[in-house]
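Visitor: Contents of upload.cif (mmCIF, C-alpha atoms) are below:
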data_data
#
loop_
_atom_site.group_PDB
_atom_site.id
_atom_site.type_symbol
_atom_site.label_atom_id
_atom_site.label_comp_id
_atom_site.auth_asym_id
_atom_site.auth_seq_id
_atom_site.Cartn_x
_atom_site.Cartn_y
_atom_site.Cartn_z
ATOM 1 C CA MET P 3 -2.313 -24.201 -44.702
ATOM 2 C CA SER P 4 -5.862 -22.885 -45.058
ATOM 3 C CA GLY P 5 -6.845 -24.415 -41.723
ATOM 4 C CA ALA P 6 -3.919 -22.746 -39.946
ATOM 5 C CA LEU P 7 -4.760 -19.412 -41.561
ATOM 6 C CA ILE P 8 -8.398 -19.639 -40.577
ATOM 7 C CA GLY P 9 -7.485 -20.589 -37.024
ATOM 8 C CA MET P 10 -5.057 -17.680 -36.764
ATOM 9 C CA PHE P 11 -7.565 -15.078 -37.958
ATOM 10 C CA THR P 12 -10.339 -16.554 -35.814
ATOM 11 C CA GLY P 13 -8.171 -16.321 -32.727
ATOM 12 C CA LEU P 14 -7.159 -12.770 -33.667
ATOM 13 C CA GLY P 15 -10.782 -11.658 -33.992
ATOM 14 C CA ILE P 16 -11.822 -13.237 -30.693
ATOM 15 C CA VAL P 17 -8.813 -11.752 -28.873
ATOM 16 C CA LEU P 18 -9.494 -8.279 -30.266
ATOM 17 C CA ILE P 19 -13.159 -8.326 -29.267
ATOM 18 C CA THR P 20 -12.530 -9.646 -25.763
ATOM 19 C CA ARG P 21 -9.583 -7.307 -25.230
ATOM 20 C CA VAL P 22 -11.497 -4.198 -26.297
ATOM 21 C CA LEU P 23 -14.635 -5.100 -24.346
ATOM 22 C CA ALA P 24 -12.668 -5.933 -21.213
ATOM 23 C CA GLN P 25 -10.268 -3.013 -21.461
ATOM 24 C CA PRO P 26 -10.297 -1.059 -18.178
ATOM 25 C CA LYS P 27 -10.535 2.713 -18.062
ATOM 26 C CA SER P 28 -7.216 4.466 -17.781
ATOM 27 C CA SER P 29 -6.438 6.221 -14.540
ATOM 28 C CA MET P 30 -5.438 9.865 -14.182
ATOM 29 C CA ALA P 31 -1.807 8.841 -13.715
ATOM 30 C CA ASP P 32 -1.852 6.988 -17.051
ATOM 31 C CA SER P 33 -3.456 9.992 -18.755
ATOM 32 C CA ILE P 34 -0.796 12.474 -17.661
ATOM 33 C CA ALA P 35 2.189 10.100 -17.746
ATOM 34 C CA ARG P 36 2.933 10.816 -21.413
ATOM 35 C CA TYR P 37 3.135 14.560 -20.731
ATOM 36 C CA VAL P 38 5.413 14.445 -17.692
ATOM 37 C CA GLY P 39 7.817 11.827 -18.982
ATOM 38 C CA ALA P 40 6.737 9.069 -16.598
ATOM 39 C CA GLY P 41 6.041 5.509 -17.605
ATOM 40 C CA THR P 42 2.560 4.118 -17.776
ATOM 41 C CA THR P 43 1.243 2.002 -14.948
ATOM 42 C CA GLN P 44 -0.631 -0.367 -17.279
ATOM 43 C CA GLN P 45 0.927 -3.730 -17.942
ATOM 44 C CA ARG P 46 2.025 -4.146 -21.542
ATOM 45 C CA ASN P 47 1.525 -7.636 -22.875
ATOM 46 C CA PHE P 48 1.410 -9.190 -26.320
ATOM 47 C CA THR P 49 -2.255 -8.393 -26.884
ATOM 48 C CA TYR P 50 -1.775 -4.747 -25.930
ATOM 49 C CA GLU P 51 1.184 -4.402 -28.277
ATOM 50 C CA LEU P 52 -0.771 -6.107 -31.070
ATOM 51 C CA ILE P 53 -3.694 -3.704 -30.701
ATOM 52 C CA GLN P 54 -1.320 -0.720 -30.660
ATOM 53 C CA ARG P 55 0.417 -1.882 -33.843
ATOM 54 C CA VAL P 56 -2.904 -2.499 -35.609
ATOM 55 C CA GLN P 57 -4.121 0.947 -34.586
ATOM 56 C CA HIS P 58 -0.875 2.522 -35.809
ATOM 57 C CA LEU P 59 -1.201 0.736 -39.149
ATOM 58 C CA PHE P 60 -4.799 1.810 -39.759
ATOM 59 C CA THR P 61 -4.804 5.298 -38.177
ATOM 60 C CA SER P 62 -1.310 6.815 -38.214
ATOM 61 C CA ARG P 63 -0.463 7.009 -41.905
ATOM 62 C CA GLN P 64 -1.560 9.241 -44.765
ATOM 63 C CA TRP P 65 -3.211 6.350 -46.587
ATOM 64 C CA ALA P 66 -4.780 4.971 -43.387
ATOM 65 C CA PRO P 67 -8.333 3.760 -44.164
ATOM 66 C CA TRP P 68 -9.595 4.680 -40.681
ATOM 67 C CA GLU P 69 -8.260 8.267 -40.694
ATOM 68 C CA SER P 70 -5.822 9.845 -38.278
ATOM 69 C CA ASP P 71 -6.619 10.929 -34.733
ATOM 70 C CA PHE P 72 -6.616 14.597 -35.784
ATOM 71 C CA GLN P 73 -9.219 14.039 -38.507
ATOM 72 C CA VAL P 74 -11.468 11.986 -36.238
ATOM 73 C CA SER P 75 -11.187 14.587 -33.460
ATOM 74 C CA ARG P 76 -12.130 17.306 -35.917
ATOM 75 C CA LYS P 77 -15.218 15.396 -37.043
ATOM 76 C CA LEU P 78 -16.214 14.856 -33.414
ATOM 77 C CA ARG P 79 -15.925 18.606 -32.870
ATOM 78 C CA GLN P 80 -18.072 19.291 -35.937
ATOM 79 C CA LEU P 81 -20.627 16.764 -34.722
ATOM 80 C CA ASP P 82 -20.650 18.356 -31.233
ATOM 81 C CA THR P 83 -20.939 15.020 -29.474
ATOM 82 C CA THR P 84 -19.759 13.750 -26.116
ATOM 83 C CA MET P 85 -18.132 10.699 -27.737
ATOM 84 C CA SER P 86 -14.376 10.624 -27.266
ATOM 85 C CA LEU P 87 -11.646 9.599 -29.673
ATOM 86 C CA GLY P 88 -11.001 6.425 -27.672
ATOM 87 C CA ALA P 89 -14.665 5.434 -27.953
ATOM 88 C CA VAL P 90 -14.531 5.814 -31.738
ATOM 89 C CA ARG P 91 -11.391 3.699 -31.941
ATOM 90 C CA ARG P 92 -12.961 0.991 -29.777
ATOM 91 C CA LYS P 93 -16.022 0.929 -32.023
ATOM 92 C CA GLN P 94 -13.784 0.605 -35.067
ATOM 93 C CA VAL P 95 -11.810 -2.298 -33.603
ATOM 94 C CA ILE P 96 -14.989 -4.105 -32.512
ATOM 95 C CA ALA P 97 -16.642 -3.602 -35.923
ATOM 96 C CA ALA P 98 -13.470 -4.758 -37.690
ATOM 97 C CA ALA P 99 -13.214 -7.867 -35.502
ATOM 98 C CA ILE P 100 -16.880 -8.742 -36.098
ATOM 99 C CA SER P 101 -16.436 -8.307 -39.859
ATOM 100 C CA LEU P 102 -13.355 -10.508 -39.692
ATOM 101 C CA LEU P 103 -15.250 -13.249 -37.878
ATOM 102 C CA ILE P 104 -18.075 -13.089 -40.435
ATOM 103 C CA ALA P 105 -15.565 -13.404 -43.286
ATOM 104 C CA LEU P 106 -13.886 -16.329 -41.555
ATOM 105 C CA LEU P 107 -17.242 -18.034 -41.083
ATOM 106 C CA TRP P 108 -17.952 -17.656 -44.786
ATOM 107 C CA VAL P 109 -14.518 -19.060 -45.678
ATOM 108 C CA ILE P 110 -15.032 -22.021 -43.326
ATOM 109 C CA LEU P 111 -18.467 -22.783 -44.784
ATOM 110 C CA ARG P 112 -17.080 -22.589 -48.318
ATOM 111 C CA ILE P 113 -14.236 -24.986 -47.499
ATOM 112 C CA ALA P 114 -16.651 -27.309 -45.701
ATOM 113 C CA SER P 115 -18.807 -27.468 -48.841
ATOM 114 C CA ASP P 116 -15.820 -28.804 -50.824
ATOM 115 C CA LYS P 117 -15.501 -25.666 -52.962
ATOM 116 C CA PRO P 118 -11.910 -24.721 -53.871
ATOM 117 C CA LEU P 119 -10.557 -21.522 -52.329
ATOM 118 C CA SER P 120 -6.921 -20.492 -52.513
ATOM 119 C CA THR P 121 -5.022 -19.271 -49.474
ATOM 120 C CA MET P 122 -4.288 -15.884 -51.079
ATOM 121 C CA ILE P 123 -7.954 -15.221 -51.806
ATOM 122 C CA ALA P 124 -8.946 -16.219 -48.262
ATOM 123 C CA LEU P 125 -6.266 -13.909 -46.844
ATOM 124 C CA LEU P 126 -7.454 -11.051 -49.081
ATOM 125 C CA ILE P 127 -11.076 -11.558 -48.007
ATOM 126 C CA CYS P 128 -10.129 -11.532 -44.321
ATOM 127 C CA VAL P 129 -7.995 -8.403 -44.597
ATOM 128 C CA SER P 130 -10.658 -6.618 -46.662
ATOM 129 C CA ALA P 131 -13.363 -7.533 -44.155
ATOM 130 C CA PHE P 132 -11.246 -6.282 -41.253
ATOM 131 C CA THR P 133 -10.553 -3.001 -43.053
ATOM 132 C CA TYR P 134 -14.185 -2.526 -44.067
ATOM 133 C CA GLY P 135 -15.430 -2.993 -40.504
ATOM 134 C CA GLY P 136 -13.454 -0.036 -39.196
ATOM 135 C CA TRP P 137 -14.118 1.964 -42.351
ATOM 136 C CA TYR P 138 -17.868 1.583 -41.838
ATOM 137 C CA VAL P 139 -17.635 3.327 -38.445
ATOM 138 C CA LYS P 140 -15.616 6.100 -40.089
ATOM 139 C CA TRP P 141 -18.203 6.434 -42.880
ATOM 140 C CA SER P 142 -21.052 6.599 -40.347
ATOM 141 C CA LEU P 143 -19.263 9.384 -38.458
ATOM 142 C CA GLU P 144 -18.660 11.296 -41.703
ATOM 143 C CA SER P 145 -22.325 10.959 -42.679
ATOM 144 C CA LYS P 146 -23.539 12.366 -39.364
ATOM 145 C CA THR P 147 -21.000 15.188 -39.564
ATOM 146 C CA SER P 148 -22.034 16.194 -43.084
ATOM 147 C CA GLN P 149 -25.701 16.170 -42.073
ATOM 148 C CA ARG P 150 -25.000 18.530 -39.162
ATOM 149 C CA ILE P 151 -22.895 20.864 -41.336
ATOM 150 C CA SER P 152 -25.716 20.933 -43.898
ATOM 151 C CA ALA P 153 -28.205 21.816 -41.136
ATOM 152 C CA ILE P 154 -25.919 24.637 -39.971
ATOM 153 C CA GLU P 155 -25.589 26.017 -43.499
ATOM 154 C CA ALA P 156 -29.367 25.818 -43.982
ATOM 155 C CA GLN P 157 -29.915 27.860 -40.804
ATOM 156 C CA LEU P 158 -27.261 30.436 -41.673
ATOM 157 C CA PRO P 159 -29.421 32.837 -43.798
ATOM 158 C CA ALA P 160 -32.124 33.135 -41.121
ATOM 159 C CA VAL P 161 -29.557 33.766 -38.376
ATOM 160 C CA LEU P 162 -27.806 36.428 -40.454
ATOM 161 C CA ASP P 163 -31.123 38.181 -41.106
ATOM 162 C CA LEU P 164 -31.956 38.153 -37.401
ATOM 163 C CA LEU P 165 -28.541 39.604 -36.601
ATOM 164 C CA ALA P 166 -29.097 42.301 -39.212
ATOM 165 C CA PHE P 167 -32.492 43.187 -37.682
ATOM 166 C CA ALA P 168 -31.019 43.381 -34.192
ATOM 167 C CA ILE P 169 -28.086 45.548 -35.316
ATOM 168 C CA SER P 170 -30.427 47.813 -37.299
ATOM 169 C CA ALA P 171 -32.404 48.299 -34.075
ATOM 170 C CA GLY P 172 -29.291 49.745 -32.429
ATOM 171 C CA GLU P 173 -27.732 46.784 -30.621
ATOM 172 C CA PRO P 174 -23.989 46.104 -30.880
ATOM 173 C CA ALA P 175 -22.765 42.903 -32.541
ATOM 174 C CA LEU P 176 -22.123 40.956 -29.341
ATOM 175 C CA LEU P 177 -25.527 41.744 -27.851
ATOM 176 C CA ALA P 178 -27.178 40.876 -31.163
ATOM 177 C CA ILE P 179 -25.479 37.475 -31.192
ATOM 178 C CA ARG P 180 -26.448 36.904 -27.577
ATOM 179 C CA ARG P 181 -30.085 37.798 -28.307
ATOM 180 C CA VAL P 182 -30.219 35.392 -31.260
ATOM 181 C CA THR P 183 -28.784 32.548 -29.172
ATOM 182 C CA GLU P 184 -31.336 33.189 -26.420
ATOM 183 C CA THR P 185 -34.398 33.395 -28.688
ATOM 184 C CA CYS P 186 -33.595 30.768 -31.357
ATOM 185 C CA SER P 187 -32.719 27.093 -31.430
ATOM 186 C CA GLY P 188 -30.794 24.882 -33.775
ATOM 187 C CA PRO P 189 -27.233 23.693 -34.409
ATOM 188 C CA LEU P 190 -25.930 27.100 -35.506
ATOM 189 C CA THR P 191 -27.309 28.904 -32.459
ATOM 190 C CA ARG P 192 -25.675 26.286 -30.218
ATOM 191 C CA GLU P 193 -22.364 27.036 -31.894
ATOM 192 C CA LEU P 194 -22.931 30.773 -31.460
ATOM 193 C CA LYS P 195 -23.533 30.158 -27.756
ATOM 194 C CA LYS P 196 -19.991 28.794 -27.594
ATOM 195 C CA VAL P 197 -18.809 31.997 -29.259
ATOM 196 C CA VAL P 198 -20.616 34.063 -26.608
ATOM 197 C CA ASN P 199 -19.097 31.932 -23.836
ATOM 198 C CA SER P 200 -15.606 32.331 -25.258
ATOM 199 C CA ILE P 201 -16.082 36.101 -25.476
ATOM 200 C CA ASP P 202 -17.221 36.141 -21.860
ATOM 201 C CA SER P 203 -14.009 34.253 -21.035
ATOM 202 C CA GLY P 204 -11.884 37.040 -22.512
ATOM 203 C CA GLU P 205 -11.480 36.279 -26.236
ATOM 204 C CA SER P 206 -12.254 38.846 -28.897
ATOM 205 C CA LEU P 207 -15.266 38.519 -31.173
ATOM 206 C CA ALA P 208 -13.163 38.224 -34.328
ATOM 207 C CA ARG P 209 -10.969 35.483 -32.872
ATOM 208 C CA SER P 210 -13.954 33.504 -31.604
ATOM 209 C CA LEU P 211 -15.679 33.666 -35.012
ATOM 210 C CA ASN P 212 -12.484 32.613 -36.794
ATOM 211 C CA ASN P 213 -12.037 29.668 -34.432
ATOM 212 C CA LEU P 214 -15.626 28.570 -35.002
ATOM 213 C CA SER P 215 -15.339 28.762 -38.789
ATOM 214 C CA SER P 216 -12.069 26.789 -38.767
ATOM 215 C CA ASP P 217 -13.544 24.126 -36.470
ATOM 216 C CA LEU P 218 -16.698 23.605 -38.545
ATOM 217 C CA ASP P 219 -14.858 23.811 -41.909
ATOM 218 C CA SER P 220 -17.837 25.246 -43.803
ATOM 219 C CA GLN P 221 -17.246 27.546 -46.763
ATOM 220 C CA ALA P 222 -20.535 29.413 -46.348
ATOM 221 C CA LEU P 223 -19.941 29.939 -42.637
ATOM 222 C CA SER P 224 -16.314 30.987 -43.149
ATOM 223 C CA ARG P 225 -17.304 33.473 -45.844
ATOM 224 C CA ALA P 226 -20.022 35.049 -43.688
ATOM 225 C CA PHE P 227 -17.839 35.281 -40.566
ATOM 226 C CA HIS P 228 -14.910 36.653 -42.563
ATOM 227 C CA ALA P 229 -17.122 39.403 -43.987
ATOM 228 C CA LEU P 230 -18.445 40.174 -40.492
ATOM 229 C CA THR P 231 -14.896 40.371 -39.105
ATOM 230 C CA LEU P 232 -13.780 42.712 -41.890
ATOM 231 C CA ALA P 233 -16.825 44.909 -41.315
ATOM 232 C CA LEU P 234 -15.977 45.154 -37.622
ATOM 233 C CA GLU P 235 -12.350 46.069 -38.372
ATOM 234 C CA ARG P 236 -13.061 48.646 -41.086
ATOM 235 C CA GLY P 237 -16.211 50.180 -39.678
ATOM 236 C CA THR P 238 -18.500 49.064 -42.514
ATOM 237 C CA PRO P 239 -22.249 49.110 -41.697
ATOM 238 C CA LEU P 240 -22.880 45.643 -40.240
ATOM 239 C CA ALA P 241 -26.549 45.426 -41.175
ATOM 240 C CA GLN P 242 -25.845 45.812 -44.899
ATOM 241 C CA VAL P 243 -23.015 43.283 -44.766
ATOM 242 C CA LEU P 244 -25.157 40.735 -42.922
ATOM 243 C CA ARG P 245 -28.053 41.137 -45.362
ATOM 244 C CA ALA P 246 -25.703 40.688 -48.314
ATOM 245 C CA GLN P 247 -24.204 37.560 -46.741
ATOM 246 C CA ALA P 248 -27.704 36.205 -46.047
ATOM 247 C CA ALA P 249 -28.617 36.695 -49.712
ATOM 248 C CA ASP P 250 -25.408 34.916 -50.770
ATOM 249 C CA ALA P 251 -26.150 32.033 -48.382
ATOM 250 C CA ARG P 252 -29.678 31.664 -49.803
ATOM 251 C CA ALA P 253 -28.290 31.682 -53.352
ATOM 252 C CA GLN P 254 -25.794 28.994 -52.344
ATOM 253 C CA GLN P 255 -28.600 26.891 -50.865
ATOM 254 C CA ALA P 256 -30.578 27.288 -54.090
ATOM 255 C CA ARG P 257 -27.605 26.109 -56.145
ATOM 256 C CA LEU P 258 -27.163 23.110 -53.865
ATOM 257 C CA LEU P 259 -30.844 22.252 -54.283
ATOM 258 C CA LEU P 260 -30.473 22.365 -58.073
ATOM 259 C CA VAL P 261 -27.448 20.054 -57.909
ATOM 260 C CA LEU P 262 -29.310 17.681 -55.596
ATOM 261 C CA ALA P 263 -32.345 17.717 -57.887
ATOM 262 C CA GLY P 264 -30.131 16.769 -60.824
ATOM 263 C CA ARG P 265 -28.692 13.838 -58.888
ATOM 264 C CA LYS P 266 -32.136 12.671 -57.807
ATOM 265 C CA GLU P 267 -33.387 12.915 -61.386
ATOM 266 C CA THR P 268 -30.628 10.586 -62.519
ATOM 267 C CA ALA P 269 -31.366 8.202 -59.657
ATOM 268 C CA MET P 270 -35.083 8.204 -60.518
ATOM 269 C CA MET P 271 -34.278 7.039 -64.045
ATOM 270 C CA LEU P 272 -32.818 3.762 -62.763
ATOM 271 C CA PRO P 273 -36.115 2.133 -61.672
ATOM 272 C CA VAL P 274 -37.824 3.506 -64.795
ATOM 273 C CA VAL P 275 -35.259 1.967 -67.144
ATOM 274 C CA PHE P 276 -34.600 -1.301 -65.314
ATOM 275 C CA LEU P 277 -38.018 -2.047 -63.743
ATOM 276 C CA ILE P 278 -40.946 -0.188 -65.280
ATOM 277 C CA LEU P 279 -39.837 -0.237 -68.913
ATOM 278 C CA PRO P 280 -39.097 -4.009 -68.994
ATOM 279 C CA MET P 281 -42.523 -4.695 -67.431
ATOM 280 C CA ILE P 282 -44.227 -2.585 -70.106
ATOM 281 C CA VAL P 283 -42.360 -4.425 -72.846
ATOM 282 C CA ALA P 284 -43.227 -7.795 -71.283
ATOM 283 C CA VAL P 285 -46.928 -6.887 -71.017
ATOM 284 C CA ALA P 286 -46.952 -5.690 -74.641
ATOM 285 C CA LEU P 287 -45.194 -8.773 -76.031
ATOM 286 C CA TYR P 288 -46.844 -11.454 -73.862
ATOM 287 C CA PRO P 289 -50.122 -11.774 -75.886
ATOM 288 C CA GLY P 290 -48.184 -12.113 -79.144
ATOM 289 C CA ILE P 291 -45.876 -14.759 -77.682
ATOM 290 C CA VAL P 292 -48.870 -16.755 -76.380
ATOM 291 C CA ALA P 293 -50.565 -16.514 -79.775
ATOM 292 C CA LEU P 294 -47.445 -17.775 -81.560
ATOM 293 C CA GLN P 295 -47.206 -20.702 -79.136
ATOM 294 C CA VAL P 296 -50.838 -21.608 -79.817
ATOM 295 C CA LEU P 297 -50.298 -21.576 -83.572
#
As a first step, turn the structure in this file into structure tokens.
Guide:
Amino acid sequence: MSGALIGMFTGLGIVLITRVLAQPKSSMADSIARYVGAGTTQQRNFTYELIQRVQHLFTSRQWAPWESDFQVSRKLRQLDTTMSLGAVRRKQVIAAAISLLIALLWVILRIASDKPLSTMIALLICVSAFTYGGWYVKWSLESKTSQRISAIEAQLPAVLDLLAFAISAGEPALLAIRRVTETCSGPLTRELKKVVNSIDSGESLARSLNNLSSDLDSQALSRAFHALTLALERGTPLAQVLRAQAADARAQQARLLLVLAGRKETAMMLPVVFLILPMIVAVALYPGIVALQVL
């Protein structure tokens, strides 16, 4: 029973890796077939159906460990990368198949060394390894996304101050944003360039700012853009509003630094308690122990 299970999972991992690596790029007809009601031109076989069912199981449910397509697409938008959703899914399947093969190798080596291992435990290890492989790609994407959002929030106070200076000098809001994007660099200015491009395409400033804040999903950015939109609608002096929002953003950054310092302080206690303190106790007690052994 264990041999059949190991053989089945080994074959599944090899088939998944070879199928994903050798998968051809879809043509334009296949891309638009789902929207015009036509059938796909790709040949559906057992391997294709298996991959589709595995993807549906791990990505199309609320409890899916690899997240849904909407959540992954939103993180890709926040990361501002050229990687597509299909590329992320292929990386997840490849990582899951590699993790599955590693788990199977460990199970085979354990059985070969005459150590007992039940079929249920082997099945649980294989499924957990497969799930963890795709989850690791998801975690890596989330880590990069959070780092970029943190960089945007860190740049927000300086950008708001520059906008306030430009508006105080007599420039309208759109020209002030355009000047900041032309003279500064960073992740937030790149996002503001998209706002300027959308305004040039015909959208209003308020709608473009609201779309940007909803795409990035940052509380500090949403609060600042919401205040700017209200100031534009009600005729409130923009310079004062921007300076107040910049002060609030700096206060928020200071609070985040205090929280981070508290976490680092707790983490710094671990090596002190488990490494340095035991060495001090060992050095203090070693001469006495040697003396007792001599006596």
Visitor: Please report as CSV every residue of stretch 155-237 of chain P lying within 12 Å of stretch 256-277 of chain P, along with the nearest atom pair and their distance in Å (one decimal), using only C-alpha atoms.
Guide:
residue,atom,partner,partner_atom,distance
P:Glu155,CA,P:Leu258,CA,10.9
P:Ala156,CA,P:Ala256,CA,10.3
P:Pro159,CA,P:Ala256,CA,11.7
P:Ala222,CA,P:Leu258,CA,11.8
Visitor: If we count all atoms listed in the file and set the cut-off at 9 Å, which residues sit around P:Val139, ignoring sequence neighbours fewer than 2 positions away in its own chain? Please answer as a PDB file with C-alpha atoms, keeping the file's coordinate frame.
Guide:
ATOM      1  CA  TRP P  68      -9.595   4.680 -40.681  1.00  0.00           C
ATOM      2  CA  VAL P  90     -14.531   5.814 -31.738  1.00  0.00           C
ATOM      3  CA  LYS P  93     -16.022   0.929 -32.023  1.00  0.00           C
ATOM      4  CA  GLN P  94     -13.784   0.605 -35.067  1.00  0.00           C
ATOM      5  CA  ALA P  97     -16.642  -3.602 -35.923  1.00  0.00           C
ATOM      6  CA  TYR P 134     -14.185  -2.526 -44.067  1.00  0.00           C
ATOM      7  CA  GLY P 135     -15.430  -2.993 -40.504  1.00  0.00           C
ATOM      8  CA  GLY P 136     -13.454  -0.036 -39.196  1.00  0.00           C
ATOM      9  CA  TRP P 137     -14.118   1.964 -42.351  1.00  0.00           C
ATOM     10  CA  TRP P 141     -18.203   6.434 -42.880  1.00  0.00           C
ATOM     11  CA  SER P 142     -21.052   6.599 -40.347  1.00  0.00           C
ATOM     12  CA  LEU P 143     -19.263   9.384 -38.458  1.00  0.00           C
ATOM     13  CA  GLU P 144     -18.660  11.296 -41.703  1.00  0.00           C
TER      14      GLU P 144
END
Visitor: Choose the residue, out of P:Pro67, P:Ser148, P:Lys195, P:Gln247, that has the smallest atom-to-atom separation from P:Asp163; count all atoms listed in the file.
Guide: P:Gln247
Visitor: Please measure the separation of atom CA of P:Leu87 and atom CA of P:Ser145, giving the value in Å to one decimal.
Guide: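 Atom-to-atom, atom CA of P:Leu87 to atom CA of P:Ser145, that is 16.9 Å.
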Visitor: Between atom CA of P:Leu244 and atom CA of P:Ala226, what distance in Å does the model show, to one decimal?
Guide: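 These two atoms are separated by 7.7 Å.
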Visitor: From the set P:Leu234, P:Ala229, P:Val161, P:Ala89, which residue has the shortest atom-to-atom contact distance to P:Arg252, counting all atoms listed in the file?
Guide: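 Smallest distance to P:Arg252 is found for P:Val161.
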Visitor: With distances taken over all atoms listed in the file, which of P:Ser224, P:Ala99, P:Ile154, P:Thr183 is nearest to P:Val129?
Guide: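 Smallest distance to P:Val129 is found for P:Ala99.
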Visitor: Out of P:Leu107, P:Arg79, P:Glu173, P:Ile179, which residue has the shortest atom-to-atom distance to P:Ser215 when counting only C-alpha atoms?
Guide: P:Arg79
Visitor: Which residue out of P:Arg92, P:Ser70, P:Ser86, P:Phe167 has the minimum interatomic distance to P:Val182 when all atoms listed in the file are used?
Guide: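 When distances to P:Val182 are compared using all atoms listed in the file, the smallest one comes from P:Phe167.
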Visitor: Could you check how far atom CA of P:Leu158 sits from atom CA of P:Ser75, in Å to one decimal?
Guide: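 Those two atoms sit 24.0 Å apart.
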Visitor: Report the centre and edge lengths, in Å to one decimal, of an axis-aligned box enclosing every atom of stretch 173-191 of chain P listed in the file, padded by 6 Å on each side, as JSON.
Guide:
{"center_x": -28.3, "center_y": 35.2, "center_z": -31.0, "size_x": 24.3, "size_y": 35.1, "size_z": 21.1}
Visitor: Restricting the calculation to only C-alpha atoms: of P:Arg150, P:Arg236, P:Arg245, P:Arg112, which residue gets closest to P:Ser220?
Guide: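 Ranked by minimum distance to P:Ser220, first place goes to P:Arg150.
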Visitor: Determine the residue membership of the PyMOL selection byres ((chain P and resi 208) around 12) for the file above and supply it as a list in words.
Guide: Ala175, Leu176, Val197, Val198, Ser200, Ile201, Gly204, Glu205, Ser206, Leu207, Arg209, Ser210, Leu211, Asn212, Asn213, Leu214, Ser215, Ser224, Phe227, His228, Ala229, Leu230, Thr231, Leu232, Ala233, Leu234 and Glu235 of chain P
Visitor: Write a file for stretch 239-250 of chain P of the given structure; include N, CA and C atoms and format it as a PDB file, in the first residue's frame.
Guide:
ATOM      1  N   PRO P 239      -8.652  75.429   1.280  1.00  0.00           N
ATOM      2  CA  PRO P 239      -7.258  75.680   0.868  1.00  0.00           C
ATOM      3  C   PRO P 239      -6.443  74.382   0.833  1.00  0.00           C
ATOM      4  N   LEU P 240      -5.917  74.038  -0.336  1.00  0.00           N
ATOM      5  CA  LEU P 240      -5.239  72.755  -0.515  1.00  0.00           C
ATOM      6  C   LEU P 240      -3.932  72.685   0.250  1.00  0.00           C
ATOM      7  N   ALA P 241      -3.209  73.797   0.314  1.00  0.00           N
ATOM      8  CA  ALA P 241      -1.900  73.777   0.963  1.00  0.00           C
ATOM      9  C   ALA P 241      -2.028  73.400   2.437  1.00  0.00           C
ATOM     10  N   GLN P 242      -3.022  73.975   3.127  1.00  0.00           N
ATOM     11  CA  GLN P 242      -3.202  73.652   4.542  1.00  0.00           C
ATOM     12  C   GLN P 242      -3.603  72.192   4.728  1.00  0.00           C
ATOM     13  N   VAL P 243      -4.465  71.710   3.861  1.00  0.00           N
ATOM     14  CA  VAL P 243      -4.898  70.307   3.953  1.00  0.00           C
ATOM     15  C   VAL P 243      -3.720  69.366   3.722  1.00  0.00           C
ATOM     16  N   LEU P 244      -2.904  69.668   2.725  1.00  0.00           N
ATOM     17  CA  LEU P 244      -1.758  68.795   2.427  1.00  0.00           C
ATOM     18  C   LEU P 244      -0.740  68.810   3.558  1.00  0.00           C
ATOM     19  N   ARG P 245      -0.504  69.970   4.158  1.00  0.00           N
ATOM     20  CA  ARG P 245       0.440  70.028   5.282  1.00  0.00           C
ATOM     21  C   ARG P 245      -0.093  69.255   6.486  1.00  0.00           C
ATOM     22  N   ALA P 246      -1.397  69.361   6.732  1.00  0.00           N
ATOM     23  CA  ALA P 246      -1.979  68.595   7.839  1.00  0.00           C
ATOM     24  C   ALA P 246      -1.885  67.091   7.586  1.00  0.00           C
ATOM     25  N   GLN P 247      -2.144  66.668   6.349  1.00  0.00           N
ATOM     26  CA  GLN P 247      -2.035  65.248   6.021  1.00  0.00           C
ATOM     27  C   GLN P 247      -0.588  64.763   6.102  1.00  0.00           C
ATOM     28  N   ALA P 248       0.363  65.619   5.728  1.00  0.00           N
ATOM     29  CA  ALA P 248       1.779  65.253   5.851  1.00  0.00           C
ATOM     30  C   ALA P 248       2.167  65.070   7.312  1.00  0.00           C
ATOM     31  N   ALA P 249       1.664  65.944   8.183  1.00  0.00           N
ATOM     32  CA  ALA P 249       1.943  65.795   9.618  1.00  0.00           C
ATOM     33  C   ALA P 249       1.326  64.505  10.158  1.00  0.00           C
ATOM     34  N   ASP P 250       0.102  64.194   9.717  1.00  0.00           N
ATOM     35  CA  ASP P 250      -0.535  62.940  10.157  1.00  0.00           C
ATOM     36  C   ASP P 250       0.242  61.721   9.655  1.00  0.00           C
TER      37      ASP P 250
END
